[in-house]
>>> print(open('start-v4.txt').read())   # compact mmCIF, C-alpha atoms and all ligand atoms
# COMPACT_ATOMS: atom_id res chain seq x y z
CA MET Q 23 -19.31 -3.82 -18.07
CA THR Q 24 -22.81 -4.35 -16.74
CA PHE Q 25 -24.16 -4.42 -13.24
CA TRP Q 26 -24.07 -8.23 -13.28
CA THR Q 27 -20.62 -8.73 -14.91
CA LEU Q 28 -18.24 -10.96 -12.96
CA ASP Q 29 -14.47 -10.46 -13.02
CA GLU Q 30 -11.39 -11.44 -11.01
CA THR Q 31 -12.72 -9.56 -7.95
CA HIS Q 32 -15.43 -12.20 -7.56
CA ASP Q 33 -13.03 -15.17 -7.58
CA PRO Q 34 -14.05 -17.29 -4.57
CA GLU Q 35 -10.53 -18.74 -4.43
CA ALA Q 36 -8.88 -15.33 -4.01
CA ARG Q 37 -6.76 -15.08 -0.87
CA CYS Q 38 -6.35 -11.89 1.15
CA TRP Q 39 -3.42 -11.15 3.45
CA VAL Q 40 -5.61 -9.42 6.06
CA GLU Q 41 -5.95 -11.76 9.03
CA GLY Q 42 -9.40 -13.34 9.25
CA ALA Q 43 -10.67 -11.93 5.93
CA ASP Q 44 -10.73 -15.23 4.03
CA GLY Q 45 -14.04 -16.90 4.72
CA HIS Q 46 -15.27 -13.91 6.73
CA ALA Q 47 -19.06 -14.16 7.00
CA GLU Q 48 -19.66 -10.57 5.92
CA PHE Q 49 -16.57 -8.78 4.67
CA PRO Q 50 -14.28 -11.07 2.63
CA VAL Q 51 -12.15 -9.47 -0.08
CA GLN Q 52 -14.94 -10.11 -2.60
CA ASN Q 53 -17.18 -7.57 -0.79
CA LEU Q 54 -15.16 -4.35 -0.20
CA PRO Q 55 -18.02 -2.07 0.94
CA LEU Q 56 -17.46 1.64 1.37
CA GLY Q 57 -18.14 3.50 4.60
CA LEU Q 58 -17.40 6.71 6.49
CA PHE Q 59 -15.48 6.24 9.70
CA SER Q 60 -13.46 8.13 12.27
CA ASP Q 61 -11.07 7.00 14.98
CA CYS Q 62 -8.64 8.42 17.51
CA ILE Q 63 -6.30 9.38 14.65
CA GLY Q 64 -8.69 11.51 12.65
CA GLY Q 65 -12.16 12.61 11.62
CA PRO Q 66 -14.68 11.19 9.17
CA ARG Q 67 -13.10 9.71 6.05
CA ALA Q 68 -13.60 6.94 3.52
CA GLY Q 69 -12.85 3.39 4.60
CA VAL Q 70 -13.47 -0.07 3.21
CA ALA Q 71 -14.49 -3.05 5.36
CA ILE Q 72 -12.16 -6.05 5.12
CA GLY Q 73 -12.56 -8.85 7.65
CA ASP Q 74 -12.73 -7.28 11.09
CA PHE Q 75 -10.84 -4.19 9.93
CA VAL Q 76 -11.47 -0.91 8.18
CA PHE Q 77 -8.97 -0.17 5.43
CA ASP Q 78 -8.29 3.56 5.58
CA LEU Q 79 -8.97 4.34 1.92
CA ALA Q 80 -8.60 8.09 2.41
CA ALA Q 81 -5.14 7.74 3.94
CA ALA Q 82 -4.04 5.23 1.33
CA LEU Q 83 -5.12 7.62 -1.44
CA GLN Q 84 -3.29 10.50 0.16
CA ALA Q 85 -0.18 8.38 0.56
CA GLY Q 86 -0.24 7.68 -3.18
CA LEU Q 87 -0.73 3.95 -2.65
CA LEU Q 88 -3.37 3.81 -5.38
CA PRO Q 89 -1.91 6.16 -8.02
CA ASP Q 90 -4.60 5.49 -10.65
CA LEU Q 91 -7.23 6.75 -8.22
CA ALA Q 92 -5.52 10.03 -7.34
CA PRO Q 93 -8.60 12.11 -8.36
CA LEU Q 94 -10.51 10.52 -5.48
CA ALA Q 95 -8.09 11.70 -2.79
CA ASP Q 96 -9.82 15.07 -2.42
CA VAL Q 97 -13.34 13.68 -2.08
CA ALA Q 98 -12.75 10.90 0.44
CA HIS Q 99 -13.32 13.08 3.51
CA GLU Q 100 -16.22 14.44 5.62
CA GLN Q 101 -18.90 12.71 3.55
CA LEU Q 102 -18.94 10.40 0.57
CA ASN Q 103 -21.41 12.16 -1.75
CA GLU Q 104 -18.75 13.15 -4.26
CA LEU Q 105 -17.16 9.73 -4.16
CA LEU Q 106 -20.55 8.23 -5.02
CA ALA Q 107 -21.07 10.88 -7.71
CA ALA Q 108 -17.86 9.74 -9.42
CA GLY Q 109 -19.97 7.00 -11.01
CA PRO Q 110 -19.66 3.33 -11.82
CA GLU Q 111 -16.42 3.42 -13.85
CA MET Q 112 -14.48 5.05 -11.02
CA ARG Q 113 -16.10 2.72 -8.49
CA ARG Q 114 -15.08 -0.33 -10.49
CA ALA Q 115 -11.57 1.09 -10.77
CA TRP Q 116 -11.12 1.47 -7.02
CA ARG Q 117 -12.64 -1.96 -6.39
CA ARG Q 118 -10.16 -3.63 -8.75
CA ALA Q 119 -7.20 -1.63 -7.44
CA LEU Q 120 -8.04 -2.37 -3.82
CA PHE Q 121 -8.71 -6.03 -4.56
CA ALA Q 122 -5.29 -6.29 -6.24
CA LEU Q 123 -3.62 -4.66 -3.26
CA LEU Q 124 -5.35 -6.80 -0.63
CA THR Q 125 -4.66 -10.06 -2.47
CA ASP Q 126 -1.00 -9.27 -3.15
CA ALA Q 127 0.97 -10.82 -0.31
CA ALA Q 128 3.93 -8.60 -1.20
CA ALA Q 129 1.80 -5.50 -0.42
CA GLU Q 130 1.18 -6.40 3.22
CA ALA Q 131 4.31 -4.73 4.57
CA ARG Q 132 3.53 -1.34 3.02
CA CYS Q 133 -0.24 -1.49 3.59
CA ALA Q 134 -0.80 -3.09 6.98
CA HIS Q 135 -0.67 0.24 8.83
CA PHE Q 136 -3.76 1.41 6.90
CA LEU Q 137 -5.86 -1.17 8.74
CA VAL Q 138 -7.95 0.04 11.68
CA PRO Q 139 -9.66 -2.60 13.87
CA MET Q 140 -13.42 -2.21 13.46
CA ALA Q 141 -13.83 -2.12 17.22
CA ARG Q 142 -11.84 1.13 17.25
CA ALA Q 143 -13.69 2.75 14.35
CA GLU Q 144 -16.78 4.86 14.79
CA MET Q 145 -19.07 4.61 11.78
CA HIS Q 146 -21.16 7.50 10.44
CA VAL Q 147 -24.02 7.96 8.00
CA PRO Q 148 -21.88 7.84 4.86
CA CYS Q 149 -23.43 10.76 2.99
CA GLN Q 150 -25.02 14.12 3.53
CA ILE Q 151 -28.47 12.88 2.55
CA GLY Q 152 -30.26 15.54 0.54
CA ASP Q 153 -33.47 13.59 0.18
CA TYR Q 154 -34.85 10.33 1.49
CA THR Q 155 -37.74 8.55 -0.19
CA ASP Q 156 -39.44 5.39 1.02
CA PHE Q 157 -41.16 3.02 -1.39
CA TYR Q 158 -43.70 0.29 -0.67
CA ALA Q 159 -42.39 -2.42 -3.00
CA GLY Q 160 -42.73 -5.37 -0.61
CA ILE Q 161 -45.95 -6.79 -1.99
CA HIS Q 162 -46.43 -9.35 0.79
CA HIS Q 163 -46.06 -6.59 3.36
CA ALA Q 164 -48.60 -4.49 1.46
CA MET Q 165 -50.95 -7.52 1.38
CA ASN Q 166 -50.46 -8.32 5.07
CA ILE Q 167 -51.10 -4.73 6.13
CA GLY Q 168 -53.94 -4.26 3.64
CA ARG Q 169 -55.63 -7.45 4.85
CA LEU Q 170 -55.85 -6.03 8.40
CA PHE Q 171 -57.98 -3.14 7.10
CA ARG Q 172 -59.58 -4.53 3.93
CA PRO Q 173 -59.75 -8.35 4.16
CA ASP Q 174 -61.52 -8.63 0.80
CA ALA Q 175 -59.27 -6.28 -1.18
CA PRO Q 176 -55.91 -5.92 0.57
CA LEU Q 177 -54.16 -4.22 -2.35
CA LEU Q 178 -55.38 -0.90 -3.67
CA PRO Q 179 -56.02 -0.82 -7.45
CA ASN Q 180 -52.86 1.16 -8.27
CA TYR Q 181 -50.39 -1.13 -6.48
CA LYS Q 182 -49.36 -3.38 -9.37
CA HIS Q 183 -49.06 -0.50 -11.83
CA VAL Q 184 -47.09 2.19 -10.01
CA PRO Q 185 -44.20 1.91 -7.50
CA ILE Q 186 -45.87 3.51 -4.45
CA GLY Q 187 -43.70 5.76 -2.29
CA TYR Q 188 -43.61 8.89 -0.17
CA HIS Q 189 -41.01 11.57 0.45
CA GLY Q 190 -39.45 10.88 3.84
CA ARG Q 191 -37.33 12.91 6.20
CA ALA Q 192 -33.56 12.99 5.59
CA SER Q 193 -32.56 14.88 8.74
CA SER Q 194 -33.50 12.01 11.09
CA VAL Q 195 -31.60 9.25 9.29
CA ARG Q 196 -28.98 7.82 11.66
CA VAL Q 197 -26.37 5.11 11.48
CA SER Q 198 -26.78 1.71 13.15
CA GLY Q 199 -26.57 1.95 16.93
CA ALA Q 200 -28.53 5.18 17.32
CA GLU Q 201 -30.87 5.08 20.30
CA VAL Q 202 -34.57 4.92 19.51
CA HIS Q 203 -36.65 7.51 21.38
CA ARG Q 204 -40.30 6.63 21.56
CA PRO Q 205 -42.18 9.49 19.88
CA SER Q 206 -45.22 11.18 21.33
CA GLY Q 207 -48.04 12.12 19.02
CA GLN Q 208 -51.77 12.20 18.46
CA LEU Q 209 -53.40 8.89 19.27
CA ALA Q 210 -57.03 8.34 18.34
CA GLY Q 211 -59.45 7.22 21.07
CA PRO Q 212 -63.18 6.91 21.73
CA ASP Q 213 -63.24 10.42 23.25
CA GLY Q 214 -61.18 11.99 20.49
CA PRO Q 215 -57.43 12.22 20.01
CA ARG Q 216 -54.96 12.71 22.85
CA PHE Q 217 -51.27 13.61 22.74
CA ALA Q 218 -49.31 10.77 24.37
CA PRO Q 219 -46.29 8.49 23.94
CA CYS Q 220 -46.69 5.99 21.09
CA GLU Q 221 -47.97 2.62 22.33
CA ARG Q 222 -47.46 0.70 19.09
CA LEU Q 223 -43.79 1.20 18.23
CA ASP Q 224 -42.64 -1.00 15.35
CA TYR Q 225 -39.71 -1.62 13.02
CA GLU Q 226 -39.73 -2.12 9.25
CA LEU Q 227 -37.10 -4.34 7.61
CA GLU Q 228 -36.05 -2.72 4.33
CA LEU Q 229 -33.15 -2.29 1.97
CA GLY Q 230 -31.73 1.17 1.39
CA ILE Q 231 -30.49 2.24 -2.05
CA TRP Q 232 -27.76 4.91 -2.24
CA VAL Q 233 -27.96 7.12 -5.30
CA GLY Q 234 -24.65 7.65 -7.11
CA ALA Q 235 -24.55 9.92 -10.12
CA GLY Q 236 -27.62 12.17 -10.19
CA ASN Q 237 -29.76 13.53 -13.02
CA ALA Q 238 -30.60 17.09 -13.97
CA LEU Q 239 -34.02 18.53 -13.15
CA GLY Q 240 -36.38 17.77 -16.01
CA GLU Q 241 -34.23 14.96 -17.41
CA PRO Q 242 -35.61 11.54 -16.44
CA VAL Q 243 -33.41 8.45 -16.07
CA SER Q 244 -34.36 5.65 -18.45
CA ILE Q 245 -34.95 2.21 -16.99
CA ALA Q 246 -32.02 0.93 -19.08
CA ASP Q 247 -29.68 3.46 -17.44
CA ALA Q 248 -31.09 3.30 -13.92
CA HIS Q 249 -28.62 0.73 -12.57
CA GLU Q 250 -25.74 3.07 -13.42
CA HIS Q 251 -27.20 5.59 -10.96
CA ILE Q 252 -27.18 3.18 -8.01
CA ALA Q 253 -24.00 3.41 -5.93
CA GLY Q 254 -24.89 0.68 -3.47
CA TYR Q 255 -27.18 -0.81 -0.89
CA CYS Q 256 -27.63 -0.96 2.89
CA LEU Q 257 -30.10 -2.23 5.45
CA LEU Q 258 -32.73 0.27 6.53
CA ASN Q 259 -35.06 0.28 9.52
CA ASP Q 260 -38.03 2.57 8.98
CA TRP Q 261 -39.09 2.84 12.65
CA SER Q 262 -42.84 3.33 12.72
CA ALA Q 263 -45.39 4.51 15.29
CA ARG Q 264 -48.44 2.53 14.21
CA ASP Q 265 -50.97 4.35 16.41
CA ILE Q 266 -49.82 7.80 15.28
CA GLN Q 267 -49.78 6.52 11.69
CA ALA Q 268 -53.35 5.15 11.84
CA TRP Q 269 -54.75 8.55 12.85
CA GLU Q 270 -52.65 10.87 10.70
CA TYR Q 271 -52.08 9.05 7.41
CA GLN Q 272 -55.22 10.04 5.51
CA PRO Q 273 -55.22 11.62 2.99
CA LEU Q 274 -51.53 12.43 2.45
CA GLY Q 275 -49.71 9.40 3.86
CA PRO Q 276 -47.16 8.93 6.65
CA PHE Q 277 -45.85 12.00 8.48
CA LEU Q 278 -44.79 12.06 12.15
CA ALA Q 279 -45.30 8.29 12.47
CA LYS Q 280 -42.18 7.80 10.36
CA ASN Q 281 -40.00 10.89 10.67
CA PHE Q 282 -38.68 10.50 14.23
CA LEU Q 283 -35.88 8.12 13.18
CA THR Q 284 -34.67 5.97 10.32
CA THR Q 285 -31.64 3.74 10.89
CA VAL Q 286 -29.22 2.54 8.19
CA SER Q 287 -26.38 0.04 8.32
CA PRO Q 288 -23.07 1.87 7.84
CA TRP Q 289 -21.58 0.08 4.83
CA ILE Q 290 -22.46 0.81 1.21
CA ILE Q 291 -22.52 -2.61 -0.44
CA THR Q 292 -21.63 -1.91 -4.05
CA PRO Q 293 -23.49 -3.25 -7.09
CA GLU Q 294 -20.24 -4.98 -8.08
CA ALA Q 295 -20.07 -6.91 -4.79
CA LEU Q 296 -23.63 -8.09 -5.38
CA ALA Q 297 -23.14 -9.05 -9.05
CA PRO Q 298 -22.92 -12.81 -8.27
CA PHE Q 299 -26.23 -12.63 -6.41
CA ARG Q 300 -28.29 -11.05 -9.17
CA VAL Q 301 -31.42 -12.94 -10.10
CA ALA Q 302 -34.33 -12.44 -12.44
CA GLN Q 303 -37.21 -10.39 -11.16
CA CYS Q 304 -39.97 -12.71 -9.89
CA VAL Q 305 -42.39 -13.64 -12.64
CA ARG Q 306 -45.63 -11.83 -12.00
CA PRO Q 307 -48.58 -14.09 -11.30
CA GLU Q 308 -51.02 -14.74 -14.13
CA GLY Q 309 -53.41 -11.83 -14.41
CA ASP Q 310 -51.03 -9.17 -13.05
CA PRO Q 311 -50.42 -6.25 -15.42
CA ALA Q 312 -47.06 -5.96 -17.19
CA PRO Q 313 -45.02 -2.93 -16.10
CA LEU Q 314 -45.56 0.07 -18.36
CA PRO Q 315 -42.79 0.42 -21.00
CA TYR Q 316 -40.89 3.14 -19.08
CA LEU Q 317 -40.38 0.59 -16.26
CA LEU Q 318 -39.65 -2.42 -18.43
CA ASP Q 319 -36.13 -3.41 -19.49
CA GLY Q 320 -34.98 -6.87 -20.54
CA ASP Q 321 -31.67 -6.77 -18.66
CA ASP Q 322 -33.34 -5.42 -15.54
CA GLN Q 323 -36.01 -8.15 -15.65
CA ALA Q 324 -33.35 -10.82 -16.23
CA HIS Q 325 -30.77 -9.63 -13.66
CA GLY Q 326 -32.19 -6.69 -11.72
CA ALA Q 327 -33.39 -8.41 -8.54
CA LEU Q 328 -31.22 -9.35 -5.57
CA ALA Q 329 -31.08 -12.71 -3.78
CA LEU Q 330 -30.44 -11.63 -0.20
CA GLU Q 331 -31.26 -13.54 2.95
CA LEU Q 332 -32.78 -11.14 5.45
CA GLN Q 333 -33.14 -11.90 9.14
CA LEU Q 334 -34.45 -9.94 12.07
CA PHE Q 335 -33.50 -10.56 15.70
CA LEU Q 336 -34.99 -9.18 18.92
CA SER Q 337 -33.56 -9.16 22.42
CA THR Q 338 -35.22 -7.62 25.45
CA SER Q 339 -33.30 -6.10 28.34
CA ALA Q 340 -34.49 -9.02 30.52
CA MET Q 341 -33.13 -11.50 27.98
CA ARG Q 342 -29.77 -9.75 27.88
CA GLU Q 343 -29.58 -9.55 31.66
CA ALA Q 344 -30.28 -13.29 31.83
CA GLY Q 345 -27.50 -13.91 29.29
CA MET Q 346 -29.96 -15.26 26.73
CA PRO Q 347 -29.18 -15.02 23.02
CA GLU Q 348 -31.29 -12.80 20.78
CA HIS Q 349 -34.40 -14.36 19.30
CA ARG Q 350 -34.98 -14.53 15.55
CA LEU Q 351 -38.38 -13.08 14.72
CA SER Q 352 -38.29 -13.52 10.97
CA ALA Q 353 -36.30 -14.67 7.95
CA GLY Q 354 -37.09 -13.49 4.44
CA ASP Q 355 -35.54 -12.69 1.08
CA ALA Q 356 -35.15 -9.53 -0.97
CA ARG Q 357 -36.45 -11.47 -3.98
CA HIS Q 358 -39.96 -10.76 -2.71
CA LEU Q 359 -39.85 -7.13 -3.85
CA TYR Q 360 -42.46 -6.45 -6.53
CA TRP Q 361 -40.31 -3.76 -8.19
CA THR Q 362 -36.55 -3.84 -8.82
CA PRO Q 363 -34.30 -1.09 -7.44
CA ALA Q 364 -33.85 0.19 -11.01
CA GLN Q 365 -37.62 0.41 -11.48
CA MET Q 366 -37.93 2.41 -8.26
CA LEU Q 367 -35.16 4.80 -9.29
CA ALA Q 368 -36.43 5.21 -12.87
CA HIS Q 369 -39.96 5.82 -11.61
CA HIS Q 370 -38.71 8.39 -9.08
CA ALA Q 371 -37.04 10.39 -11.85
CA SER Q 372 -39.67 9.73 -14.52
CA GLY Q 373 -41.47 13.02 -14.01
CA GLY Q 374 -38.22 14.95 -14.12
CA CYS Q 375 -37.39 14.90 -10.40
CA ASN Q 376 -33.64 15.35 -9.98
CA LEU Q 377 -31.97 12.69 -7.87
CA GLN Q 378 -28.71 13.73 -6.28
CA PRO Q 379 -25.58 11.84 -5.18
CA GLY Q 380 -26.14 10.53 -1.67
CA ASP Q 381 -29.92 10.50 -1.85
CA LEU Q 382 -31.40 7.53 -0.04
CA LEU Q 383 -34.27 5.36 -1.30
CA GLY Q 384 -35.94 2.75 0.91
CA THR Q 385 -37.52 -0.26 -0.77
CA GLY Q 386 -40.39 -0.62 1.67
CA THR Q 387 -40.81 -3.43 4.16
CA ILE Q 388 -39.76 -6.78 2.75
CA SER Q 389 -41.98 -9.66 3.82
CA GLY Q 390 -42.43 -13.09 2.32
CA PRO Q 391 -45.69 -14.92 1.67
CA ALA Q 392 -45.36 -17.32 4.64
CA ARG Q 393 -45.62 -16.95 8.40
CA GLY Q 394 -42.13 -16.32 9.78
CA GLU Q 395 -41.21 -14.07 6.84
CA GLU Q 396 -42.84 -10.84 8.01
CA GLY Q 397 -40.77 -7.65 8.04
CA SER Q 398 -42.66 -5.87 10.85
CA LEU Q 399 -44.29 -6.59 14.21
CA MET Q 400 -47.58 -5.22 12.88
CA GLU Q 401 -47.69 -8.25 10.60
CA ILE Q 402 -46.34 -10.85 13.03
CA SER Q 403 -48.77 -9.83 15.78
CA LEU Q 404 -51.66 -9.39 13.30
CA GLY Q 405 -52.12 -5.76 14.19
CA GLY Q 406 -51.40 -6.32 17.89
CA LYS Q 407 -54.02 -9.06 18.34
CA GLN Q 408 -51.65 -12.01 18.62
CA PRO Q 409 -48.82 -11.62 21.15
CA ILE Q 410 -45.45 -13.14 20.28
CA ALA Q 411 -44.00 -15.50 22.89
CA LEU Q 412 -40.31 -14.90 23.56
CA PRO Q 413 -37.85 -17.32 25.12
CA GLY Q 414 -37.78 -16.52 28.83
CA GLY Q 415 -41.55 -16.13 29.04
CA GLU Q 416 -42.04 -12.53 27.93
CA THR Q 417 -44.49 -11.58 25.20
CA ARG Q 418 -44.59 -8.74 22.71
CA THR Q 419 -47.04 -7.18 20.32
CA PHE Q 420 -45.03 -3.98 19.80
CA LEU Q 421 -41.64 -2.76 21.07
CA LEU Q 422 -41.07 -1.92 24.73
CA SER Q 423 -38.26 0.06 26.33
CA GLY Q 424 -34.97 -1.84 26.31
CA ASP Q 425 -35.88 -3.91 23.24
CA ARG Q 426 -33.04 -4.23 20.78
CA VAL Q 427 -33.72 -4.91 17.10
CA ARG Q 428 -30.96 -6.21 14.82
CA MET Q 429 -31.30 -6.68 11.08
CA GLN Q 430 -28.95 -8.82 9.04
CA ALA Q 431 -28.55 -9.35 5.29
CA ARG Q 432 -26.40 -11.98 3.59
CA ALA Q 433 -25.88 -12.83 -0.04
CA VAL Q 434 -25.17 -16.51 -0.48
CA ALA Q 435 -24.79 -18.53 -3.69
CA PRO Q 436 -23.18 -21.90 -4.48
CA GLY Q 437 -19.52 -21.56 -5.39
CA ARG Q 438 -19.37 -17.90 -4.31
CA ALA Q 439 -17.83 -16.14 -1.33
CA SER Q 440 -20.80 -14.93 0.71
CA VAL Q 441 -21.20 -11.22 1.27
CA GLY Q 442 -22.80 -9.52 4.27
CA PHE Q 443 -24.17 -6.06 4.89
CA GLY Q 444 -23.14 -5.50 8.52
CA ASP Q 445 -25.68 -4.97 11.25
CA CYS Q 446 -28.46 -2.44 11.45
CA VAL Q 447 -29.20 -2.17 15.17
CA GLY Q 448 -31.38 0.00 17.38
CA THR Q 449 -32.35 -0.15 21.05
CA VAL Q 450 -35.50 1.49 22.37
CA ALA Q 451 -34.59 3.97 25.12
CA CA Q 501 -41.41 1.89 5.23
>>> encode(input="start-v4.txt", output="structure tokens")
Amino acid sequence: MTFWTLDETHDPEARCWVEGADGHAEFPVQNLPLGLFSDCIGGPRAGVAIGDFVFDLAAALQAGLLPDLAPLADVAHEQLNELLAAGPEMRRAWRRALFALLTDAAAEARCAHFLVPMARAEMHVPCQIGDYTDFYAGIHHAMNIGRLFRPDAPLLPNYKHVPIGYHGRASSVRVSGAEVHRPSGQLAGPDGPRFAPCERLDYELELGIWVGAGNALGEPVSIADAHEHIAGYCLLNDWSARDIQAWEYQPLGPFLAKNFLTTVSPWIITPEALAPFRVAQCVRPEGDPAPLPYLLDGDDQAHGALALELQLFLSTSAMREAGMPEHRLSAGDARHLYWTPAQMLAHHASGGCNLQPGDLLGTGTISGPARGEEGSLMEISLGGKQPIALPGGETRTFLLSGDRVRMQARAVAPGRASVGFGDCVGTVA
């Protein structure tokens, strides 16, 4: 098995007995993402999204419904770190077992009571996140931001050689729906800095990568093995205070401008669910350096990138009060990442840093080369110089109170059941 192998669980003709699951835009039976949920019956436990329901995986395991997966029954509660640590073989086993159950019409009678309507489930951050790291692998984002400060040389000389990243803050990662509190911080001004509420609040559209099996301190992960350490993917919003960032970031990089909140979508979309949407890493333009050997693997270059349609929507409180639909600010694709997820993970561990199950890696803001594909307001508004006109007559350069940001990711390919990530939403208080 490889991270791009297709099997019966990818059959687009497969039929599921759960009402509304067939043809579901995000969670058909070919997806089966893992999440941590609670409801009026019980506390946080493992569930799997199917249609508009959560399948109570923890309860099904305890009831002995999936006998081959009995070892998982003890680790499907409170947080999912140990479930992720169980590794790819166990993950593929529960995917196939659950797929078999949900496509077997004869199983409906004994399984239907394990379904919880999503509207009655509260989702949680799926893991106890030990460490969160944010990369900067969206090259068009790096170019767009760099151009604002250095029009002649937007990319710094290291960019195409080394996956740039910084160690973020794990304690302030929250699940979709968490309220966004505008941070106060030091803002530069002509008379020196002042401490005041951020005036340039922004979002960053990113993918999150959940680490599965870890590595021991001092033992790097080879690029060939890196995919086996990835347990899945989510959407990630790296909320950013641009004015705080501009003053504080030199020489050590982002600090308070980024650590007040990071939002993730609740479902862990597994590598297996995304296998049909694997694509070759974009060919580097003529003149770009080849990745150093420790970041170069034939299978990763041929299959290691993800074709994912990414969209970002904004609604203001005035728009919602007027009954207006949210407004799409951008549409892009995860193919625009300059480094693959495996390259980011292998680089992270290359000096011997130990990654642990449930660690979270952000890809960096994903923008495309064209207008309309930007992953942040900083880019759309050209650093705040060009206001965005919204339907209803309002304008924005950065986020105001009441603004709601929703990110969406879909994997779509001809002849395949499409797979969605579920929303990543935040409203500015
Ligand atoms: Ca970021």
>>> closest_residue(input="start-v4.txt", among="Q:Ala368, Q:Cys62, Q:Ala68, Q:Leu382", to="Asn237 in chain Q", atoms="all atoms listed in the file")
Q:Ala368
>>> residues_near_ligand(input="start-v4.txt", ligand="ligand CA 501 (chain Q)", cutoff="9 Å", atoms="all atoms listed in the file", output="number ranges by chain")
Q: 156-158, 187, 225-228, 258-262, 280, 384-387
>>> write_last_selection(input="start-v4.txt", atoms="C-alpha atoms", output="PDB file, in the coordinates of the input")
ATOM      1  CA  ASP Q 156     -39.440   5.390   1.020  1.00  0.00           C
ATOM      2  CA  PHE Q 157     -41.160   3.020  -1.390  1.00  0.00           C
ATOM      3  CA  TYR Q 158     -43.700   0.290  -0.670  1.00  0.00           C
ATOM      4  CA  GLY Q 187     -43.700   5.760  -2.290  1.00  0.00           C
ATOM      5  CA  TYR Q 225     -39.710  -1.620  13.020  1.00  0.00           C
ATOM      6  CA  GLU Q 226     -39.730  -2.120   9.250  1.00  0.00           C
ATOM      7  CA  LEU Q 227     -37.100  -4.340   7.610  1.00  0.00           C
ATOM      8  CA  GLU Q 228     -36.050  -2.720   4.330  1.00  0.00           C
ATOM      9  CA  LEU Q 258     -32.730   0.270   6.530  1.00  0.00           C
ATOM     10  CA  ASN Q 259     -35.060   0.280   9.520  1.00  0.00           C
ATOM     11  CA  ASP Q 260     -38.030   2.570   8.980  1.00  0.00           C
ATOM     12  CA  TRP Q 261     -39.090   2.840  12.650  1.00  0.00           C
ATOM     13  CA  SER Q 262     -42.840   3.330  12.720  1.00  0.00           C
ATOM     14  CA  LYS Q 280     -42.180   7.800  10.360  1.00  0.00           C
ATOM     15  CA  GLY Q 384     -35.940   2.750   0.910  1.00  0.00           C
ATOM     16  CA  THR Q 385     -37.520  -0.260  -0.770  1.00  0.00           C
ATOM     17  CA  GLY Q 386     -40.390  -0.620   1.670  1.00  0.00           C
ATOM     18  CA  THR Q 387     -40.810  -3.430   4.160  1.00  0.00           C
TER      19      THR Q 387
END
>>> atom_distance(input="start-v4.txt", atom1="CA of Ser423 in chain Q", atom2="CA of Ile388 in chain Q")
24.6 Å
>>> closest_residue(input="start-v4.txt", among="Q:Ile186, Q:Val51, Q:Leu328, Q:Ala80", to="Gly64 in chain Q", atoms="only C-alpha atoms")
Q:Ala80
>>> closest_residue(input="start-v4.txt", among="Q:Gly354, Q:Pro293, Q:Pro55, Q:Gly254", to="Leu28 in chain Q", atoms="all atoms listed in the file")
Q:Pro293
>>> closest_residue(input="start-v4.txt", among="Q:His146, Q:His349, Q:Arg114, Q:Arg428", to="Val195 in chain Q", atoms="only C-alpha atoms")
Q:His146
>>> atom_distance(input="start-v4.txt", atom1="CA of Phe282 in chain Q", atom2="CA of Ser206 in chain Q")
9.7 Å
>>> closest_residue(input="start-v4.txt", among="Q:Phe75, Q:Phe299, Q:Phe217, Q:Trp39", to="Trp269 in chain Q", atoms="all atoms listed in the file")
Q:Phe217
>>> atom_distance(input="start-v4.txt", atom1="CA of Leu336 in chain Q", atom2="CA of Ile167 in chain Q")
21.0 Å
>>> closest_residue(input="start-v4.txt", among="Q:Thr27, Q:Gln52, Q:Thr338, Q:Thr292", to="Arg418 in chain Q", atoms="all atoms listed in the file")
Q:Thr338
>>> axis_aligned_box(input="start-v4.txt", around="range 170-176 of chain Q", padding_each_side="8 Å", output="AutoDock Vina command-line options")
--center_x -58.7 --center_y -5.9 --center_z 3.6 --size_x 21.7 --size_y 21.5 --size_z 25.6
>>> residues_around(input="start-v4.txt", residues="Pro185 in chain Q", least_positions_apart="6", cutoff="8 Å", atoms="all atoms listed in the file", output="MDAnalysis selection string")
chainID Q and resid 157:159 361 365:366 369
>>> residues_around(input="start-v4.txt", residues="Met400 in chain Q", least_positions_apart="5", cutoff="10 Å", atoms="only C-alpha atoms", output="list in words")
His163, Asn166, Ile167, Leu170, Arg222, Leu223, Asp224, Tyr225, Glu226, Ser262, Arg264, Gly405, Gly406, Lys407, Gln408, Thr419 and Phe420 of chain Q
>>> residues_around(input="start-v4.txt", residues="Ser194 in chain Q", least_positions_apart="4", cutoff="9 Å", atoms="all atoms listed in the file", output="short mmCIF file (atom, residue, chain, number, x, y, z; two decimals) with C-alpha atoms, in the frame of the given file")
data_model
loop_
_atom_site.label_atom_id
_atom_site.label_comp_id
_atom_site.auth_asym_id
_atom_site.auth_seq_id
_atom_site.Cartn_x
_atom_site.Cartn_y
_atom_site.Cartn_z
CA ASN Q 281 -40.00 10.89 10.67
CA PHE Q 282 -38.68 10.50 14.23
CA LEU Q 283 -35.88 8.12 13.18
CA THR Q 284 -34.67 5.97 10.32
CA THR Q 285 -31.64 3.74 10.89
#
>>> residues_around(input="start-v4.txt", residues="Gly424 in chain Q", least_positions_apart="5", cutoff="9 Å", atoms="all atoms listed in the file", output="list in words")
Ser337, Thr338, Ser339, Ala340, Thr449, Val450 and Ala451 of chain Q
>>> residues_near_point(input="start-v4.txt", point="(-41.0, -9.3, 1.1)", cutoff="8 Å", atoms="all atoms listed in the file", output="MDAnalysis selection string")
chainID Q and resid 160:163 354:359 387:391 395:397
>>> residues_around(input="start-v4.txt", residues="His135 in chain Q", least_positions_apart="6", cutoff="12 Å", atoms="all atoms listed in the file", output="NGL selection string")
:Q and (40 or 75-79 or 81-82 or 85 or 129)
